[in-house]
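Notes to accompany the following structure.
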Amino acid sequence: MSQPDSPRPGAAPALSTDAADGTHTRADSQLLRIRRVGRRLFGVANCVITFEALRAKAGQRTTGSAESRFCYELPPSAEPVVALDARAHPLLGEHPGVTGAPQVRFYASHPIFNHARELLGSVHLVDYAARSGFSESDRCLLSDIAALVERELQLRAVNAYQSDLEKKNKSLRRKSLVDPLLGTWNRGAIMRILNIEAVRCDKASLPLSLIVVDLDHFKKINDTYGHPAGDQVLVRIASRLRACIRPQEALGRYGGEEFLIVLPGSSSQTAAAVADRMRATIAAQPELINDATLNLSISAGVASTDLFTTATTEELISRADIALYAAKDGGRNRVVLATPEST
Ligand SMILES: Nc1nc2c(ncn2[C@@H]2O[C@H](COP(=O)(O)OP(=O)(O)OP(=O)(O)O)[C@@H](O)[C@H]2O)c(=O)[nH]1
């Protein structure tokens, strides 16, 4: 058991511009497929997909296919464009890619929109031979290709939105389980862990032990050095307690300055030894907080199912609590193991 250590649908998805150059990412393989279909269907030199979001970047590029650069140099169009011979087309006739290299002749394009009818880009057909016609059914086919691209982009936006939501969910869930000051499990989480481990240990006929730890004279620290210094002390103590347990064991904040440690599979003797190691570690080294050297100590109560074989988790906590108060009564800086005889 380890310790607790958006885009909207319709937003522009991650894209790369010219898959034919080998610059496409894995996500672009679907766009590459659509371009291949367009090229084959119309028998053109290239079928290019441009994106308005990439226009500025694409304009600075010196790499990429001649067709892709040509398409990015054209002004965006929210309407389909067909030029059977670009030399005679009012928009394209003076274009340097038509008057000079690479001497584009046939050109057609269809816009791509998002769900809000914002122009995202276009699908372009580019060829080096002029054509005598582009039928109504050709126009429909080009529009279908643009619709396929729109569909693909929508899918990507939904996927991005979903994974963003999943991330947020995970982080919210984590926040709901972790103490914000100490980074340990909070009370609800450690209780859930305790209950889950109790069932698991019972099934596997393993003992389950728990330790309740309480800082000694903590009120005095708050009163003398202030609440923020008290908070710092709690953070340091939590970190030092965590260092005393194994990954399959769990540390939670049970109350203000009280911790609950769950040790699945540990006997009462082992748990008492762990608790004493915690006690000795805290007592051995003072904490330096705001230039003040603080000698700290903890008291702990330990209870285990190997001594209370029929105890529920609540009874076990209650046994550990009684043992903790016995440790306090006994002078603090000590560990008391709850036994059936001691109650
Ligand atoms: N700084 C800080 N103090 C807290 C927090 N939670 C609880 N406390 C304080 O912890 C103190 C606990 O005081 P007491 O219950 O009297 O216990 P104590 O002074 O440690 O005395 P003993 O347990 O008998 O040794 C109180 O002053 C609480 O205000 C916290 O998150 N931060």
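Note on naming: chains are A, B, ... as they come in the structure tokens, residues start from 1 per chain, ligands start from 1 in the order shown.
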Practice task
Could you tell me, counting only C-alpha atoms and all ligand atoms, which protein and nucleic acid residues lie no more than 9 Å from ligand 1, written as number ranges by chain?
Solution key: A: 181-182, 214-223, 226-234, 255-258, 297-299, 325, 328-329, 332
Name all residues at most 8 Å from A:Pro76 (count only C-alpha atoms; drop same-chain ones fewer than 5 positions away) and give them as a JSON list (two decimals) with N, CA and C atoms, in the first residue's frame.
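Resulting contents of result15.json:
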[["chain", "number", "residue", "atom", "x", "y", "z"],
["A", 52, "GLU", "N", -5.85, 26.21, -39.98],
["A", 52, "GLU", "CA", -5.65, 27.63, -39.69],
["A", 52, "GLU", "C", -4.75, 27.82, -38.47],
["A", 121, "GLY", "N", -9.75, 24.77, -41.24],
["A", 121, "GLY", "CA", -8.75, 24.56, -42.28],
["A", 121, "GLY", "C", -9.42, 24.15, -43.58],
["A", 122, "SER", "N", -8.67, 23.47, -44.45],
["A", 122, "SER", "CA", -9.24, 23.05, -45.73],
["A", 122, "SER", "C", -8.59, 21.77, -46.22]]
If you count only C-alpha atoms, which residues fall within 8 Å of stretch 124-127 of chain A, apart from same-chain ones fewer than 2 positions away, as a short mmCIF file (atom, residue, chain, number, x, y, z; two decimals) with C-alpha atoms, in the first residue's frame?
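Just written: around_2.cif:
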data_model
loop_
_atom_site.label_atom_id
_atom_site.label_comp_id
_atom_site.auth_asym_id
_atom_site.auth_seq_id
_atom_site.Cartn_x
_atom_site.Cartn_y
_atom_site.Cartn_z
CA GLY A 38 -8.22 11.88 -51.81
CA ARG A 39 -5.12 11.55 -53.97
CA PHE A 42 -9.07 12.33 -57.85
CA VAL A 44 -4.02 14.36 -58.31
CA ALA A 45 -0.37 14.97 -57.44
CA ASN A 46 -1.27 15.68 -53.83
CA CYS A 47 -4.18 15.99 -51.44
CA VAL A 48 -3.21 18.42 -48.67
CA ILE A 49 -4.95 19.23 -45.40
CA THR A 50 -4.16 22.66 -43.95
CA GLU A 67 1.97 21.47 -52.69
CA CYS A 71 -1.80 25.61 -50.12
CA VAL A 104 0.23 24.32 -60.25
CA ARG A 105 -2.53 23.97 -62.83
CA PHE A 106 -5.51 22.17 -61.32
CA TYR A 107 -6.61 23.20 -57.84
CA ALA A 108 -9.72 22.50 -55.73
CA SER A 109 -10.41 22.95 -52.04
CA HIS A 110 -13.16 22.43 -49.50
CA SER A 122 -9.24 23.05 -45.73
CA ALA A 129 -2.07 19.36 -65.37
CA ALA A 130 -5.12 21.52 -66.09
#
Handout entry: Residue among A:Ser163, A:Asp85, A:Gly100, A:Gly330 lying closest to A:Phe134, counting only C-alpha atoms
Key =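 Selected residue with least distance to A:Phe134: A:Asp85.
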Handout entry: Best match for closeness to A:Gly97 among A:Glu136, A:Glu341, A:Glu166, A:Glu73, counting only C-alpha atoms
Key =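 Result for the nearest residue to A:Gly97: A:Glu73.
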Exercise for the section: For A:Phe113, list every protein, DNA or RNA residue within 9 Å, evaluated using only C-alpha atoms, and leave out those in the same chain fewer than 5 positions away; present the list as a list in words. Expected result: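 Once the adjacent positions are removed, what remains is Ala78, Glu118, Leu119, Leu120, Gly121, Ser122, Ala146, Ala147 and Glu150 of chain A.
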Generate a file of the selected residues that holds N, CA and C atoms, formatted as a compact mmCIF listing (two decimals), in the first residue's frame.
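Here's the written file result29.txt:
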# COMPACT_ATOMS: atom_id res chain seq x y z
N ALA A 78 -13.73 30.12 -46.74
CA ALA A 78 -14.84 29.41 -46.10
C ALA A 78 -15.76 28.79 -47.14
N GLU A 118 -16.76 27.30 -37.05
CA GLU A 118 -15.54 28.11 -37.20
C GLU A 118 -14.64 27.39 -38.19
N LEU A 119 -13.98 28.18 -39.03
CA LEU A 119 -13.13 27.58 -40.06
C LEU A 119 -11.86 27.03 -39.42
N LEU A 120 -11.66 25.70 -39.53
CA LEU A 120 -10.46 25.08 -38.94
C LEU A 120 -9.36 24.93 -39.97
N GLY A 121 -9.75 24.77 -41.24
CA GLY A 121 -8.75 24.56 -42.28
C GLY A 121 -9.42 24.15 -43.58
N SER A 122 -8.67 23.47 -44.45
CA SER A 122 -9.24 23.05 -45.73
C SER A 122 -8.59 21.77 -46.22
N ALA A 146 -13.79 16.23 -46.78
CA ALA A 146 -13.70 17.27 -45.75
C ALA A 146 -14.50 16.86 -44.51
N ALA A 147 -15.66 16.21 -44.74
CA ALA A 147 -16.49 15.76 -43.61
C ALA A 147 -15.77 14.68 -42.80
N GLU A 150 -13.37 16.46 -40.62
CA GLU A 150 -14.09 17.08 -39.50
C GLU A 150 -14.41 16.04 -38.43
Exercise for the section: Run DSSP on the backbone and give me the residues of stretch 80-313 of chain A it puts in strand (DSSP E), as a PyMOL selection string. Expected result: chain A and resi 81-83+106-113+119-127+208-215+250-253+258-264+287-289+292-294+298-304
Handout entry: Every residue of stretch 87-255 of chain A that DSSP places in helix (DSSP H, G or I), as a ChimeraX atom specification
Key = /A:87-88,96-99,136-177,187-203,218-225,227-242
Exercise for the section: May I ask which of the residues A:Leu141, A:Val274, A:Leu294, A:Ala58 is the closest one to A:Ser209, counting only C-alpha atoms? Expected result: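 Counting only C-alpha atoms, the residue closest to A:Ser209 is A:Val274.
You will find atom CA of A:Arg139 at 8.8 Å from atom CA of A:Val82.
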Exercise for the section: Could you tell me how far atom CA of A:Gly93 lies from atom CA of A:Gln60, in Å and to one decimal? Expected result: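 Distance reported for this atom pair: 23.2 Å.
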Which residues are near A:Thr310? Cut-off 12 Å, only C-alpha atoms, ignore same chain within fewer than 6 positions. Put them as a compact mmCIF listing (two decimals) with N, CA and C atoms, in the first residue's frame.
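Everything below was put into result_39.txt:
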# COMPACT_ATOMS: atom_id res chain seq x y z
N ALA A 198 -8.45 -5.18 7.13
CA ALA A 198 -9.00 -6.09 8.15
C ALA A 198 -9.65 -7.29 7.47
N ASP A 202 -8.09 -11.07 7.59
CA ASP A 202 -8.97 -12.11 8.15
C ASP A 202 -9.05 -13.30 7.19
N PRO A 207 -2.37 -11.63 11.03
CA PRO A 207 -2.73 -10.63 12.04
C PRO A 207 -2.80 -9.23 11.42
N LEU A 208 -3.51 -8.35 12.06
CA LEU A 208 -3.56 -6.95 11.63
C LEU A 208 -3.30 -6.11 12.88
N SER A 304 -3.59 -5.23 18.35
CA SER A 304 -3.42 -6.19 17.27
C SER A 304 -4.48 -7.29 17.36
N LEU A 316 -10.68 -2.32 17.86
CA LEU A 316 -9.21 -2.32 17.83
C LEU A 316 -8.68 -0.90 18.04
N PRO A 340 -5.43 -8.10 26.48
CA PRO A 340 -6.73 -8.36 27.13
C PRO A 340 -6.65 -8.17 28.64
Exercise for the section: Find the residues around A:Tyr254 up to 8 Å (only C-alpha atoms counted), leave out those fewer than 5 positions away in its own chain, and share them as a ChimeraX atom specification. Expected result: /A:186-187,190,259-260
Hey, can you spit out that residue selection with C-alpha atoms as a PDB file, in the first residue's frame?
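Contents of the output file selection26.pdb:
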ATOM      1  CA  ASN A 186      -6.750  11.674   5.779  1.00  0.00           C
ATOM      2  CA  ARG A 187      -9.055  10.189   8.396  1.00  0.00           C
ATOM      3  CA  ILE A 190      -7.039   5.609   6.563  1.00  0.00           C
ATOM      4  CA  PHE A 259      -1.862   9.577  13.603  1.00  0.00           C
ATOM      5  CA  LEU A 260      -3.139   6.105  12.816  1.00  0.00           C
TER       6      LEU A 260
END
Handout entry: Residue contacts of stretch 242-246 of chain A (9 Å, only C-alpha atoms) excluding same-chain residues fewer than 4 positions away, as a PyMOL selection string
Key = chain A and resi 1-3+184+237-238+250-251+261+263+274-275+277-278+281
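Across the model, the gap from atom CA of A:Ala292 to atom CA of A:Gly252 is 27.2 Å.
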Problem - Which of A:Leu296, A:Leu91, A:Ala327, A:Ala320 sits closest to A:Phe308 [using only C-alpha atoms] - result: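 Looking at the shortest contact to A:Phe308, the residue is A:Ala320.
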